[in-house]
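The structure file protein.cif is reproduced below (mmCIF, C-alpha atoms).
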data_run
#
loop_
_atom_site.group_PDB
_atom_site.id
_atom_site.type_symbol
_atom_site.label_atom_id
_atom_site.label_comp_id
_atom_site.auth_asym_id
_atom_site.auth_seq_id
_atom_site.Cartn_x
_atom_site.Cartn_y
_atom_site.Cartn_z
ATOM 1 C CA MET U 1 -39.814 -90.602 59.410
ATOM 2 C CA ALA U 2 -42.197 -88.214 57.692
ATOM 3 C CA ALA U 3 -43.899 -85.494 59.705
ATOM 4 C CA SER U 4 -47.565 -84.742 59.293
ATOM 5 C CA THR U 5 -48.701 -81.329 58.045
ATOM 6 C CA THR U 6 -52.123 -80.020 57.166
ATOM 7 C CA LEU U 7 -52.719 -77.946 54.040
ATOM 8 C CA LYS U 8 -55.870 -75.946 53.498
ATOM 9 C CA LEU U 9 -56.409 -75.844 49.754
ATOM 10 C CA PRO U 10 -58.969 -73.858 47.812
ATOM 11 C CA GLU U 11 -61.592 -76.253 46.411
ATOM 12 C CA LYS U 12 -60.610 -75.553 42.796
ATOM 13 C CA LEU U 13 -56.941 -76.370 43.495
ATOM 14 C CA LYS U 14 -57.889 -79.495 45.429
ATOM 15 C CA ALA U 15 -59.978 -80.657 42.449
ATOM 16 C CA ARG U 16 -57.099 -79.991 40.051
ATOM 17 C CA VAL U 17 -54.704 -81.988 42.239
ATOM 18 C CA ALA U 18 -57.218 -84.844 42.452
ATOM 19 C CA ARG U 19 -57.642 -84.852 38.661
ATOM 20 C CA ILE U 20 -53.893 -84.966 38.050
ATOM 21 C CA ALA U 21 -53.478 -87.690 40.665
ATOM 22 C CA LYS U 22 -56.203 -89.823 39.084
ATOM 23 C CA GLU U 23 -54.876 -89.318 35.552
ATOM 24 C CA SER U 24 -51.339 -90.239 36.587
ATOM 25 C CA GLY U 25 -52.243 -93.129 38.872
ATOM 26 C CA ARG U 26 -50.798 -91.431 41.922
ATOM 27 C CA SER U 27 -52.300 -90.271 45.182
ATOM 28 C CA PRO U 28 -53.156 -86.593 45.720
ATOM 29 C CA HIS U 29 -50.654 -86.676 48.597
ATOM 30 C CA GLY U 30 -47.899 -87.873 46.244
ATOM 31 C CA VAL U 31 -48.707 -85.169 43.702
ATOM 32 C CA MET U 32 -48.544 -82.454 46.373
ATOM 33 C CA VAL U 33 -45.310 -83.760 47.934
ATOM 34 C CA GLU U 34 -43.669 -83.909 44.501
ATOM 35 C CA ALA U 35 -44.825 -80.370 43.670
ATOM 36 C CA ILE U 36 -43.566 -78.978 46.969
ATOM 37 C CA GLU U 37 -40.224 -80.753 46.625
ATOM 38 C CA ARG U 38 -39.808 -79.483 43.053
ATOM 39 C CA GLU U 39 -40.540 -75.890 44.131
ATOM 40 C CA VAL U 40 -38.178 -76.081 47.112
ATOM 41 C CA ASP U 41 -35.419 -77.484 44.860
ATOM 42 C CA ARG U 42 -36.025 -74.722 42.296
ATOM 43 C CA THR U 43 -35.882 -72.016 44.958
ATOM 44 C CA GLU U 44 -32.682 -73.427 46.460
ATOM 45 C CA ARG U 45 -31.008 -73.622 43.032
ATOM 46 C CA TYR U 46 -32.070 -70.050 42.228
ATOM 47 C CA ARG U 47 -30.666 -68.745 45.523
ATOM 48 C CA GLN U 48 -27.375 -70.557 44.884
ATOM 49 C CA PHE U 49 -27.273 -69.111 41.350
ATOM 50 C CA VAL U 50 -27.679 -65.579 42.737
ATOM 51 C CA LYS U 51 -25.033 -66.241 45.398
ATOM 52 C CA ASP U 52 -22.602 -67.564 42.748
ATOM 53 C CA ALA U 53 -23.309 -64.574 40.478
ATOM 54 C CA GLN U 54 -22.620 -62.141 43.315
ATOM 55 C CA ALA U 55 -19.362 -63.933 44.119
ATOM 56 C CA ALA U 56 -18.331 -63.808 40.441
ATOM 57 C CA ASP U 57 -19.114 -60.095 40.331
ATOM 58 C CA LYS U 58 -16.924 -59.495 43.401
ATOM 59 C CA ALA U 59 -14.148 -61.581 41.844
ATOM 60 C CA ILE U 60 -14.269 -59.484 38.670
ATOM 61 C CA ASP U 61 -14.117 -56.295 40.753
ATOM 62 C CA ALA U 62 -11.073 -57.781 42.500
ATOM 63 C CA GLY U 63 -9.312 -58.380 39.176
ATOM 64 C CA ALA U 64 -10.384 -61.851 38.035
ATOM 65 C CA ASN U 65 -10.085 -62.673 34.332
ATOM 66 C CA VAL U 66 -12.875 -61.467 32.030
ATOM 67 C CA TYR U 67 -13.705 -63.172 28.728
ATOM 68 C CA SER U 68 -15.735 -62.243 25.657
ATOM 69 C CA ALA U 69 -19.038 -64.150 25.573
ATOM 70 C CA GLY U 70 -18.492 -64.926 21.878
ATOM 71 C CA ASP U 71 -15.052 -66.370 22.605
ATOM 72 C CA VAL U 72 -16.441 -68.502 25.437
ATOM 73 C CA HIS U 73 -19.300 -69.801 23.287
ATOM 74 C CA SER U 74 -16.910 -70.698 20.468
ATOM 75 C CA TRP U 75 -14.609 -72.432 22.942
ATOM 76 C CA LEU U 76 -17.518 -74.459 24.378
ATOM 77 C CA GLU U 77 -18.633 -75.496 20.890
ATOM 78 C CA ARG U 78 -15.104 -76.677 20.043
ATOM 79 C CA LEU U 79 -14.870 -78.464 23.381
ATOM 80 C CA VAL U 80 -18.124 -80.349 22.765
ATOM 81 C CA ARG U 81 -17.218 -81.148 19.161
ATOM 82 C CA ASP U 82 -13.558 -82.109 19.633
ATOM 83 C CA GLY U 83 -13.349 -83.069 23.298
ATOM 84 C CA LYS U 84 -10.608 -80.546 23.917
ATOM 85 C CA ALA U 85 -9.918 -76.974 22.949
ATOM 86 C CA GLU U 86 -7.545 -74.208 23.903
ATOM 87 C CA ARG U 87 -9.099 -71.798 26.362
ATOM 88 C CA PRO U 88 -9.948 -68.321 25.085
ATOM 89 C CA LYS U 89 -7.679 -65.405 25.893
ATOM 90 C CA ALA U 90 -8.774 -63.159 28.714
ATOM 91 C CA LEU U 91 -9.800 -59.620 27.772
ATOM 92 C CA ARG U 92 -8.213 -58.396 30.977
ATOM 93 C CA LYS U 93 -6.483 -59.954 33.950
#
Could you render the structure from this file as structure tokens?
Amino acid sequence: MAASTTLKLPEKLKARVARIAKESGRSPHGVMVEAIEREVDRTERYRQFVKDAQAADKAIDAGANVYSAGDVHSWLERLVRDGKAERPKALRK
């Protein structure tokens, strides 16, 4: 069940939301819920990206394999084109 929340919007923003809602055939409420959900999703994905990057950095410091960006890009291109490709050689293990 949805919970009720009150938002105090500046008049100009409220008018913009109303215009978008009218043009798209949606309610202002629907436009705002979609915008909030999209922003929350974006923020969560960004935080996970940073967390993953920090973990990768720690793994490299601990001795994980490191690859040349050019080699990885070439490998990905071959993989997309051919469906399979030999992995690039690590610069260091």
Atom pair CA of Lys8 (chain U) / CA of Arg42 (chain U): separation (Å):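 These atoms are spaced 22.8 Å apart.
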If you measure from CA of Asp61 (chain U) to CA of Trp75 (chain U), what distance in Å do you get, rounded to one decimal?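 Distance reported for this atom pair: 24.0 Å.
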One decimal place gives the CA of Arg92 (chain U)-CA of Tyr46 (chain U) separation as 28.8 Å
Using only C-alpha atoms, which residues sit within 9 Å of Val31 (chain U) once same-chain residues fewer than 6 positions away are excluded, as a PDB file with C-alpha atoms, in the coordinates of the input?
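Listing of around-v4.pdb after writing:
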ATOM      1  CA  VAL U  17     -54.704 -81.988  42.239  1.00  0.00           C
ATOM      2  CA  ALA U  18     -57.218 -84.844  42.452  1.00  0.00           C
ATOM      3  CA  ILE U  20     -53.893 -84.966  38.050  1.00  0.00           C
ATOM      4  CA  ALA U  21     -53.478 -87.690  40.665  1.00  0.00           C
TER       5      ALA U  21
END
Need the shell around region 82-90 of chain U: protein/DNA/RNA residues with any atom at most 8 Å away, counting only C-alpha atoms. Skip same-chain ones fewer than 4 positions apart. Format as a list in words? Asn65, Val66, Tyr67, Ser68, Asp71, Val72, Trp75 and Arg78 of chain U
Let me know the centre plus edge lengths, in Å and rounded to one decimal, of a box with edges along x, y and z that contains all listed atoms of region 47-58 of chain U and is padded by 6 Å on every side, as AutoDock Vina command-line options.
--center_x -23.8 --center_y -65.0 --center_z 42.9 --size_x 25.7 --size_y 23.1 --size_z 17.2
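Of the listed residues (U:Asp52, U:His73, U:Ala59, U:Pro28), U:Pro28 comes nearest to Ala15 (chain U); the distances count all atoms listed in the file.
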Of the residues U:Val50, U:Leu91, U:Ala56, U:Ala3, which is the one nearest to Ala69 (chain U), using all atoms listed in the file? U:Leu91
